[in-house]
$ cat run31.pdb   # PDB, C-alpha atoms
ATOM      1  CA  MET A  64       8.635 -11.008   1.403
ATOM      2  CA  ILE A  65       7.375  -8.993   4.356
ATOM      3  CA  SER A  66       4.470  -6.622   3.797
ATOM      4  CA  PHE A  67       3.907  -3.473   5.814
ATOM      5  CA  LEU A  68       0.206  -2.726   6.161
ATOM      6  CA  HIS A  69      -1.874   0.012   7.660
ATOM      7  CA  LYS A  70      -4.346  -1.402  10.183
ATOM      8  CA  ASN A  71      -7.253  -0.781   7.815
ATOM      9  CA  ALA A  72      -5.655  -3.069   5.229
ATOM     10  CA  LEU A  73      -6.240  -6.204   7.294
ATOM     11  CA  GLN A  74      -9.560  -7.061   5.688
ATOM     12  CA  MET A  75      -8.060  -7.265   2.210
ATOM     13  CA  CYS A  76      -5.252  -9.445   3.521
ATOM     14  CA  CYS A  77      -7.696 -11.771   5.267
ATOM     15  CA  MET A  78      -9.770 -12.116   2.097
ATOM     16  CA  SER A  79      -6.659 -13.057   0.136
ATOM     17  CA  LEU A  80      -5.568 -15.566   2.756
ATOM     18  CA  ALA A  81      -9.023 -17.149   2.742
ATOM     19  CA  TRP A  82      -8.691 -17.706  -1.011
ATOM     20  CA  ILE A  83      -5.258 -19.325  -0.531
ATOM     21  CA  PHE A  84      -6.796 -21.551   2.119
ATOM     22  CA  PHE A  85      -9.538 -22.587  -0.318
ATOM     23  CA  LEU A  86      -6.984 -23.450  -3.011
ATOM     24  CA  LEU A  87      -5.021 -25.595  -0.563
ATOM     25  CA  LEU A  88      -8.167 -27.523   0.208
ATOM     26  CA  CYS A  89      -9.049 -28.015  -3.445
ATOM     27  CA  SER A  90      -5.543 -29.250  -4.282
ATOM     28  CA  SER A  91      -5.729 -32.243  -1.941
ATOM     29  CA  THR A  92      -5.813 -35.694  -3.523
ATOM     30  CA  VAL A  93      -7.069 -37.798  -0.622
ATOM     31  CA  LEU A  94     -10.228 -39.670  -1.583
ATOM     32  CA  ALA A  95     -12.513 -40.892   1.166
ATOM     33  CA  GLU A  96     -13.667 -43.970  -0.738
ATOM     34  CA  ASN A  97     -10.115 -45.322  -0.877
ATOM     35  CA  ILE A  98      -9.756 -45.358   2.920
ATOM     36  CA  THR A  99     -12.035 -47.860   4.596
ATOM     37  CA  GLN A 100     -10.101 -49.237   7.563
ATOM     38  CA  PRO A 101     -12.650 -50.163  10.266
ATOM     39  CA  ASN A 102     -10.238 -50.946  13.118
ATOM     40  CA  ASP A 103      -9.933 -48.813  16.243
ATOM     41  CA  ARG A 104      -6.673 -46.957  16.812
ATOM     42  CA  LYS A 105      -5.304 -44.985  19.749
ATOM     43  CA  ILE A 106      -3.971 -41.510  19.027
ATOM     44  CA  LEU A 107      -1.862 -39.702  21.641
ATOM     45  CA  TYR A 108      -2.118 -35.917  21.867
ATOM     46  CA  PRO A 109      -0.228 -33.661  24.331
ATOM     47  CA  ILE A 110      -1.780 -31.029  26.598
ATOM     48  CA  ALA A 111       0.219 -28.715  28.881
ATOM     49  CA  LYS A 112      -0.313 -29.399  32.594
ATOM     50  CA  VAL A 113      -0.606 -25.718  33.518
ATOM     51  CA  THR A 114      -2.735 -22.883  32.140
ATOM     52  CA  THR A 115      -0.776 -20.385  30.061
ATOM     53  CA  GLN A 116      -1.459 -17.376  27.834
ATOM     54  CA  TYR A 117      -1.785 -19.865  24.981
ATOM     55  CA  GLN A 118      -4.751 -21.668  26.537
ATOM     56  CA  VAL A 119      -7.253 -20.287  24.011
ATOM     57  CA  GLN A 120      -5.141 -21.564  21.121
ATOM     58  CA  ASN A 121      -4.539 -24.896  22.850
ATOM     59  CA  ASN A 122      -8.257 -25.416  23.400
ATOM     60  CA  TYR A 123      -8.911 -24.457  19.775
ATOM     61  CA  TYR A 124      -6.459 -27.004  18.368
ATOM     62  CA  LEU A 125      -7.857 -29.756  20.589
ATOM     63  CA  ASP A 126     -11.394 -28.991  19.391
ATOM     64  CA  VAL A 127     -10.197 -29.051  15.773
ATOM     65  CA  LEU A 128      -8.633 -32.468  16.334
ATOM     66  CA  LYS A 129     -11.881 -33.749  17.859
ATOM     67  CA  LEU A 130     -13.794 -32.492  14.800
ATOM     68  CA  ILE A 131     -11.306 -34.304  12.590
ATOM     69  CA  LEU A 132     -11.419 -37.615  14.449
ATOM     70  CA  ALA A 133     -15.221 -37.631  14.318
ATOM     71  CA  ARG A 134     -14.993 -37.523  10.510
ATOM     72  CA  THR A 135     -12.309 -40.123   9.717
ATOM     73  CA  GLU A 136     -12.872 -43.591   8.253
ATOM     74  CA  VAL A 137     -10.831 -45.142  11.076
ATOM     75  CA  SER A 138     -12.192 -45.074  14.626
ATOM     76  CA  TYR A 139      -9.547 -43.349  16.759
ATOM     77  CA  GLU A 140      -9.535 -43.247  20.553
ATOM     78  CA  LEU A 141      -8.088 -39.898  21.645
ATOM     79  CA  GLU A 142      -5.775 -40.179  24.644
ATOM     80  CA  ILE A 143      -4.377 -37.039  26.290
ATOM     81  CA  VAL A 144      -0.728 -36.968  27.372
ATOM     82  CA  GLU A 145       0.084 -34.344  30.005
ATOM     83  CA  ILE A 146       3.314 -32.448  29.318
ATOM     84  CA  PRO A 147       5.131 -29.398  30.725
ATOM     85  CA  VAL A 148       5.228 -26.193  28.701
ATOM     86  CA  MET A 149       7.993 -26.577  26.116
ATOM     87  CA  PRO A 150       9.273 -24.979  22.896
ATOM     88  CA  GLN A 151       8.057 -26.269  19.544
ATOM     89  CA  SER A 152      11.515 -27.648  18.773
ATOM     90  CA  ARG A 153      11.123 -30.033  21.714
ATOM     91  CA  THR A 154       7.570 -30.921  20.688
ATOM     92  CA  SER A 155       8.863 -31.876  17.244
ATOM     93  CA  MET A 156      11.435 -34.213  18.800
ATOM     94  CA  ASN A 157       8.813 -35.776  21.069
ATOM     95  CA  ILE A 158       6.619 -36.635  18.083
ATOM     96  CA  GLN A 159       9.583 -38.231  16.316
ATOM     97  CA  GLN A 160      10.399 -40.252  19.444
ATOM     98  CA  GLY A 161       6.801 -41.493  19.800
ATOM     99  CA  MET A 162       5.935 -39.749  23.068
ATOM    100  CA  TYR A 163       2.747 -38.690  21.301
ATOM    101  CA  ASP A 164       1.407 -39.025  17.767
ATOM    102  CA  ILE A 165       0.292 -35.604  16.571
ATOM    103  CA  HIS A 166       0.580 -31.951  17.432
ATOM    104  CA  TRP A 167       0.456 -28.535  15.762
ATOM    105  CA  LEU A 168       3.689 -26.793  14.814
ATOM    106  CA  SER A 169       4.702 -23.742  12.839
ATOM    107  CA  THR A 170       5.968 -25.172   9.581
ATOM    108  CA  SER A 171       9.549 -25.008   8.336
ATOM    109  CA  GLU A 172      11.645 -26.902   5.808
ATOM    110  CA  GLU A 173      13.390 -28.790   8.610
ATOM    111  CA  ARG A 174      10.147 -29.828  10.290
ATOM    112  CA  GLU A 175       8.586 -30.903   7.005
ATOM    113  CA  THR A 176      11.576 -33.186   6.488
ATOM    114  CA  SER A 177      11.675 -34.794   9.926
ATOM    115  CA  LEU A 178       7.864 -35.021  10.225
ATOM    116  CA  ASN A 179       4.887 -35.242   7.865
ATOM    117  CA  PRO A 180       2.592 -32.172   7.825
ATOM    118  CA  ILE A 181      -1.089 -32.082   6.972
ATOM    119  CA  ARG A 182      -0.763 -29.008   4.753
ATOM    120  CA  ILE A 183      -3.963 -27.183   5.616
ATOM    121  CA  PRO A 184      -3.360 -24.050   7.738
ATOM    122  CA  LEU A 185      -5.109 -24.499  11.072
ATOM    123  CA  LEU A 186      -5.376 -20.726  11.590
ATOM    124  CA  LYS A 187      -6.318 -19.988   7.968
ATOM    125  CA  GLY A 188      -3.043 -18.162   7.283
ATOM    126  CA  LEU A 189      -3.651 -15.503   9.951
ATOM    127  CA  LEU A 190      -0.784 -16.587  12.199
ATOM    128  CA  GLY A 191       1.568 -14.400  10.148
ATOM    129  CA  LEU A 192      -0.703 -11.357  10.209
ATOM    130  CA  ARG A 193       0.895  -9.337  12.996
ATOM    131  CA  ILE A 194      -0.053  -6.301  15.015
ATOM    132  CA  ALA A 195       2.278  -4.888  17.632
ATOM    133  CA  ILE A 196       2.149  -4.762  21.400
ATOM    134  CA  VAL A 197       3.839  -1.606  22.707
ATOM    135  CA  ASN A 198       4.535   0.002  26.051
ATOM    136  CA  SER A 199       1.456   1.877  27.287
ATOM    137  CA  LYS A 200       3.673   4.861  28.046
ATOM    138  CA  ASN A 201       4.206   5.328  24.304
ATOM    139  CA  PRO A 202       1.091   3.989  22.532
ATOM    140  CA  ASP A 203       1.701   6.057  19.370
ATOM    141  CA  LEU A 204       5.303   4.938  18.871
ATOM    142  CA  LEU A 205       4.549   3.459  15.434
ATOM    143  CA  SER A 206       2.164   6.145  14.199
ATOM    144  CA  GLY A 207       4.703   7.893  11.960
ATOM    145  CA  PHE A 208       5.986   4.865  10.082
ATOM    146  CA  SER A 209       5.010   4.396   6.446
ATOM    147  CA  SER A 210       7.425   1.675   5.285
ATOM    148  CA  VAL A 211       9.250  -1.427   6.404
ATOM    149  CA  ASP A 212      12.570   0.425   6.212
ATOM    150  CA  GLY A 213      11.564   2.823   8.965
ATOM    151  CA  LEU A 214      10.364   0.004  11.192
ATOM    152  CA  LYS A 215      13.722  -1.759  10.840
ATOM    153  CA  LYS A 216      15.355   0.975  12.924
ATOM    154  CA  LEU A 217      13.467  -0.216  16.013
ATOM    155  CA  TYR A 218      13.913  -3.408  18.007
ATOM    156  CA  ALA A 219      11.243  -6.098  17.703
ATOM    157  CA  GLY A 220      10.813  -8.743  20.383
ATOM    158  CA  GLN A 221      10.699 -12.483  19.575
ATOM    159  CA  GLY A 222      11.407 -15.820  21.235
ATOM    160  CA  HIS A 223      14.981 -16.985  20.783
ATOM    161  CA  ASP A 224      13.950 -20.275  19.149
ATOM    162  CA  TRP A 225      10.910 -18.969  17.241
ATOM    163  CA  LEU A 226      10.848 -19.151  13.456
ATOM    164  CA  ASP A 227       9.802 -15.475  13.452
ATOM    165  CA  SER A 228      13.224 -14.447  14.778
ATOM    166  CA  LYS A 229      15.070 -16.001  11.853
ATOM    167  CA  LEU A 230      12.603 -14.604   9.336
ATOM    168  CA  LEU A 231      12.713 -11.037  10.649
ATOM    169  CA  ARG A 232      16.509 -11.027  10.893
ATOM    170  CA  HIS A 233      16.767 -12.402   7.373
ATOM    171  CA  HIS A 234      14.826  -9.353   6.176
ATOM    172  CA  GLY A 235      17.020  -6.896   8.068
ATOM    173  CA  PHE A 236      14.947  -6.294  11.190
ATOM    174  CA  ARG A 237      16.561  -5.658  14.553
ATOM    175  CA  VAL A 238      15.389  -8.403  16.889
ATOM    176  CA  GLN A 239      15.731  -8.721  20.668
ATOM    177  CA  THR A 240      15.067 -12.277  21.851
ATOM    178  CA  SER A 241      14.146 -13.882  25.140
ATOM    179  CA  ALA A 242      12.934 -17.207  26.473
ATOM    180  CA  ASN A 243       9.169 -16.704  26.428
ATOM    181  CA  THR A 244       6.306 -14.247  25.982
ATOM    182  CA  LYS A 245       6.262 -13.097  29.618
ATOM    183  CA  SER A 246       9.962 -12.235  29.602
ATOM    184  CA  LEU A 247       9.511 -10.332  26.315
ATOM    185  CA  PHE A 248       6.717  -8.290  27.877
ATOM    186  CA  ASP A 249       9.068  -7.489  30.760
ATOM    187  CA  LEU A 250      11.730  -6.289  28.303
ATOM    188  CA  LEU A 251       9.135  -4.159  26.530
ATOM    189  CA  ILE A 252       8.150  -2.468  29.789
ATOM    190  CA  LYS A 253      11.815  -1.870  30.665
ATOM    191  CA  GLY A 254      12.424  -0.262  27.261
ATOM    192  CA  ARG A 255      14.889  -2.894  26.060
ATOM    193  CA  LEU A 256      12.763  -3.519  22.966
ATOM    194  CA  ASP A 257      10.363  -1.227  21.121
ATOM    195  CA  TYR A 258       7.506  -3.426  19.959
ATOM    196  CA  PHE A 259       6.404  -7.050  20.009
ATOM    197  CA  PRO A 260       4.554  -8.228  16.865
ATOM    198  CA  ARG A 261       1.913 -10.843  17.671
ATOM    199  CA  SER A 262      -0.689 -12.602  15.538
ATOM    200  CA  VAL A 263      -3.990 -10.794  15.209
ATOM    201  CA  LEU A 264      -5.509 -13.993  16.662
ATOM    202  CA  GLU A 265      -3.327 -14.196  19.777
ATOM    203  CA  VAL A 266      -2.557 -10.627  20.819
ATOM    204  CA  TRP A 267      -5.863 -10.052  22.578
ATOM    205  CA  PHE A 268      -5.971 -13.060  24.869
ATOM    206  CA  GLU A 269      -2.291 -12.569  25.716
ATOM    207  CA  LEU A 270      -3.087  -9.076  26.997
ATOM    208  CA  GLU A 271      -6.070 -10.488  28.883
ATOM    209  CA  PHE A 272      -3.794 -13.049  30.526
ATOM    210  CA  PHE A 273      -1.200 -10.386  31.475
ATOM    211  CA  ASN A 274      -3.761  -7.695  32.259
ATOM    212  CA  ASP A 275      -1.726  -6.236  35.124
ATOM    213  CA  MET A 276       1.112  -5.133  32.821
ATOM    214  CA  PRO A 277       1.263  -1.633  31.190
ATOM    215  CA  LEU A 278       0.902  -2.842  27.595
ATOM    216  CA  SER A 279      -1.181  -1.622  24.652
ATOM    217  CA  VAL A 280      -2.066  -2.827  21.155
ATOM    218  CA  ASP A 281      -0.709  -0.525  18.446
ATOM    219  CA  GLU A 282      -3.514   1.008  16.354
ATOM    220  CA  HIS A 283      -1.470   2.151  13.359
ATOM    221  CA  ILE A 284       0.271  -0.655  11.447
ATOM    222  CA  ALA A 285       0.396  -4.367  10.795
ATOM    223  CA  ILE A 286       3.034  -6.646   9.318
ATOM    224  CA  TYR A 287       2.363  -9.757   7.295
ATOM    225  CA  TYR A 288       4.773 -12.604   6.659
ATOM    226  CA  PRO A 289       4.000 -16.184   5.603
ATOM    227  CA  LEU A 290       3.792 -18.367   8.710
ATOM    228  CA  VAL A 291       1.324 -21.220   9.167
ATOM    229  CA  ASN A 292       0.625 -23.934  11.701
ATOM    230  CA  TYR A 293      -0.087 -27.484  10.524
ATOM    231  CA  PHE A 294      -0.786 -30.707  12.350
ATOM    232  CA  PHE A 295       2.292 -32.945  12.091
ATOM    233  CA  VAL A 296       2.667 -36.724  12.458
ATOM    234  CA  ARG A 297       5.614 -39.095  12.100
ATOM    235  CA  ASN A 298       6.703 -39.886   8.562
ATOM    236  CA  GLU A 299       5.922 -43.575   8.959
ATOM    237  CA  GLU A 300       2.315 -42.917  10.081
ATOM    238  CA  VAL A 301       0.928 -42.933   6.536
ATOM    239  CA  GLU A 302      -2.593 -44.040   7.443
ATOM    240  CA  MET A 303      -2.881 -41.531  10.265
ATOM    241  CA  HIS A 304      -1.708 -38.735   7.971
ATOM    242  CA  GLU A 305      -4.303 -39.649   5.335
ATOM    243  CA  GLN A 306      -7.080 -39.934   7.897
ATOM    244  CA  ILE A 307      -6.298 -36.629   9.619
ATOM    245  CA  GLN A 308      -6.227 -34.891   6.250
ATOM    246  CA  LEU A 309      -9.511 -36.525   5.259
ATOM    247  CA  GLY A 310     -11.206 -35.593   8.533
ATOM    248  CA  LEU A 311     -10.002 -31.992   8.280
ATOM    249  CA  GLN A 312     -11.261 -31.719   4.702
ATOM    250  CA  ARG A 313     -14.668 -32.996   5.739
ATOM    251  CA  ALA A 314     -14.819 -30.548   8.676
ATOM    252  CA  ILE A 315     -14.101 -27.686   6.272
ATOM    253  CA  ILE A 316     -16.678 -28.859   3.746
ATOM    254  CA  ASP A 317     -19.471 -29.343   6.299
ATOM    255  CA  GLY A 318     -18.767 -25.959   7.909
ATOM    256  CA  SER A 319     -17.828 -27.234  11.365
ATOM    257  CA  PHE A 320     -14.211 -26.065  11.008
ATOM    258  CA  GLN A 321     -15.324 -22.503  10.197
ATOM    259  CA  ASN A 322     -17.892 -22.514  12.994
ATOM    260  CA  ASN A 323     -15.242 -23.583  15.487
ATOM    261  CA  PHE A 324     -12.809 -20.972  14.159
ATOM    262  CA  ASP A 325     -15.410 -18.224  14.478
ATOM    263  CA  ALA A 326     -16.356 -19.282  18.001
ATOM    264  CA  TYR A 327     -12.758 -18.839  19.126
ATOM    265  CA  PHE A 328     -11.480 -15.956  17.026
ATOM    266  CA  ALA A 329     -14.249 -13.883  15.404
ATOM    267  CA  GLN A 330     -14.337 -11.463  18.331
ATOM    268  CA  TYR A 331     -10.577 -10.922  18.108
ATOM    269  CA  ILE A 332     -10.640 -10.308  14.353
ATOM    270  CA  GLU A 333     -13.402  -7.764  14.883
ATOM    271  CA  LYS A 334     -11.215  -5.901  17.392
ATOM    272  CA  ALA A 335      -8.547  -5.488  14.689
ATOM    273  CA  ASN A 336     -10.794  -3.081  12.716
ATOM    274  CA  LEU A 337     -11.050  -4.741   9.290
ATOM    275  CA  GLN A 338     -13.576  -2.437   7.636
ATOM    276  CA  THR A 339     -11.565  -0.788   4.823
ATOM    277  CA  ALA A 340      -8.680  -1.722   2.526
ATOM    278  CA  LYS A 341      -5.651   0.488   2.000
ATOM    279  CA  SER A 342      -2.108  -0.830   2.086
ATOM    280  CA  ILE A 343       1.558  -0.028   1.591
ATOM    281  CA  HIS A 344       3.885  -2.882   0.616
ATOM    282  CA  SER A 345       7.654  -3.120   0.752
ATOM    283  CA  SER A 346      10.120  -5.978   0.305
TER     284      SER A 346
END
$ encode --input "run31.pdb" --output "structure tokens"
Amino acid sequence: MISFLHKNALQMCCMSLAWIFFLLLCSSTVLAENITQPNDRKILYPIAKVTTQYQVQNNYYLDVLKLILARTEVSYELEIVEIPVMPQSRTSMNIQQGMYDIHWLSTSEERETSLNPIRIPLLKGLLGLRIAIVNSKNPDLLSGFSSVDGLKKLYAGQGHDWLDSKLLRHHGFRVQTSANTKSLFDLLIKGRLDYFPRSVLEVWFELEFFNDMPLSVDEHIAIYYPLVNYFFVRNEEVEMHEQIQLGLQRAIIDGSFQNNFDAYFAQYIEKANLQTAKSIHSS
């Protein structure tokens, strides 16, 4: 199901997603008193060697992991592994091969089979809440659309190996793919795609990073589809999985997770204009 929302419907969607997030937390069965391993462990976590448009997100996930490790029953030593920028499919393989122990990934059935997810959304479900980047020469391109069907006549930009591409195509959207975000922005400027849906949490710092390009944030619509990022570990790392889940639960309960989330993203959510609630939905 893909929902087509007016921009002023985002607040209602966020409230609903927050409730889903709360239910996920309450459904967990990990009990702190059953995990009392005192031994130190080393946990390897990858960081890209170069600064990219995803640096805000990368810093956020690292801070979340630090919050988690400070609240586990096992004392973990965090060791950073420097890596080049790579697609999530490669990151998944690297975890399986033991190059590092844990990383965030957008979830899929395949990834949840090959790896073990900690099923608490690290972005509180807002990864799939999308607003569009458009060419600044035509900032009102999407102003006349009132349904998903109309939007399907245009070309959306996505990465060729992103889960979004498969999802949008499955629902009948026209999708133009490329290797990375920068190349998709170039295609948007050249008119080879019409719009580029990005998460409400990432669109702003991407435009800040590429501030010399003639791009604008659409002010008229938003699309929602279910897409969440989890931390993933290897299937055999049972203790680590339990401890990461426990630490994340504790960070949510004591408020440190929310405080960290707000510090990174509250300003971006405010820019999305979430004051009222009116929506149009279509399958």
$ residues_near_point --input "run31.pdb" --point "(18.9, 1.8, 16.5)" --cutoff "12 Å" --atoms "all atoms listed in the file" --output "ChimeraX atom specification"
/A:213-219,236-239,255-257
$ closest_atom_pairs --input "run31.pdb" --of "region 232-306 of chain A" --to "region 310-322 of chain A" --cutoff "12 Å" --atoms "all atoms listed in the file" --output "tab-separated table"
residue	atom	partner	partner_atom	distance
A:Tyr293	CA	A:Leu311	CA	11.1
A:Phe294	CA	A:Leu311	CA	10.2
A:Met303	CA	A:Gly310	CA	10.4
A:His304	CA	A:Gly310	CA	10.0
A:Glu305	CA	A:Gly310	CA	8.6
A:Gln306	CA	A:Gly310	CA	6.0
$ write_last_selection --input "run31.pdb" --atoms "C-alpha atoms" --output "PDB file, in the frame of the given file"
ATOM      1  CA  TYR A 293      -0.087 -27.484  10.524  1.00  0.00           C
ATOM      2  CA  PHE A 294      -0.786 -30.707  12.350  1.00  0.00           C
ATOM      3  CA  MET A 303      -2.881 -41.531  10.265  1.00  0.00           C
ATOM      4  CA  HIS A 304      -1.708 -38.735   7.971  1.00  0.00           C
ATOM      5  CA  GLU A 305      -4.303 -39.649   5.335  1.00  0.00           C
ATOM      6  CA  GLN A 306      -7.080 -39.934   7.897  1.00  0.00           C
TER       7      GLN A 306
END
$ atom_distance --input "run31.pdb" --atom1 "CA of Asp212 (chain A)" --atom2 "CA of Thr240 (chain A)"
20.3 Å
$ resolve_selection --input "run31.pdb" --expression "the PyMOL selection byres ((chain A and resi 114-117) around 8)" --output "list in words"
Ala111, Lys112, Val113, Gln118, Val119, Gln120, Asn121, Glu265, Phe268, Glu269, Phe272 and Phe273 of chain A
$ atom_distance --input "run31.pdb" --atom1 "CA of Leu128 (chain A)" --atom2 "CA of Gln159 (chain A)"
19.1 Å
$ atom_distance --input "run31.pdb" --atom1 "CA of Pro277 (chain A)" --atom2 "CA of Asn198 (chain A)"
6.3 Å
$ closest_residue --input "run31.pdb" --among "A:Phe208, A:Tyr123, A:Tyr108, A:Phe259" --to "Tyr139 (chain A)" --atoms "only C-alpha atoms"
A:Tyr108
$ closest_residue --input "run31.pdb" --among "A:Gln151, A:Ser228, A:Ser262, A:Thr135" --to "Lys187 (chain A)" --atoms "only C-alpha atoms"
A:Ser262
$ resolve_selection --input "run31.pdb" --expression "the PyMOL selection byres ((chain A and resi 220-225) around 12)" --output "NGL selection string"
:A and (149-153 or 168-171 or 195-197 or 217-219 or 226-232 or 236-252 or 254-261 or 290)
$ closest_residue --input "run31.pdb" --among "A:Asn323, A:Lys105, A:Val137, A:Ser199" --to "Met276 (chain A)" --atoms "all atoms listed in the file"
A:Ser199
$ closest_residue --input "run31.pdb" --among "A:Ile307, A:Ile165, A:Leu186, A:Ala326" --to "Arg134 (chain A)" --atoms "all atoms listed in the file"
A:Ile307
$ closest_residue --input "run31.pdb" --among "A:Lys129, A:His283, A:Lys200, A:His233" --to "Ile106 (chain A)" --atoms "only C-alpha atoms"
A:Lys129
$ residues_near_point --input "run31.pdb" --point "(0.8, 5.1, 11.1)" --cutoff "7 Å" --atoms "all atoms listed in the file" --output "ChimeraX atom specification"
/A:69,205-209,283-284
$ write_last_selection --input "run31.pdb" --atoms "C-alpha atoms" --output "mmCIF file, in the coordinates of the input"
data_model
loop_
_atom_site.group_PDB
_atom_site.id
_atom_site.type_symbol
_atom_site.label_atom_id
_atom_site.label_comp_id
_atom_site.auth_asym_id
_atom_site.auth_seq_id
_atom_site.Cartn_x
_atom_site.Cartn_y
_atom_site.Cartn_z
ATOM 1 C CA HIS A 69 -1.874 0.012 7.660
ATOM 2 C CA LEU A 205 4.549 3.459 15.434
ATOM 3 C CA SER A 206 2.164 6.145 14.199
ATOM 4 C CA GLY A 207 4.703 7.893 11.960
ATOM 5 C CA PHE A 208 5.986 4.865 10.082
ATOM 6 C CA SER A 209 5.010 4.396 6.446
ATOM 7 C CA HIS A 283 -1.470 2.151 13.359
ATOM 8 C CA ILE A 284 0.271 -0.655 11.447
#
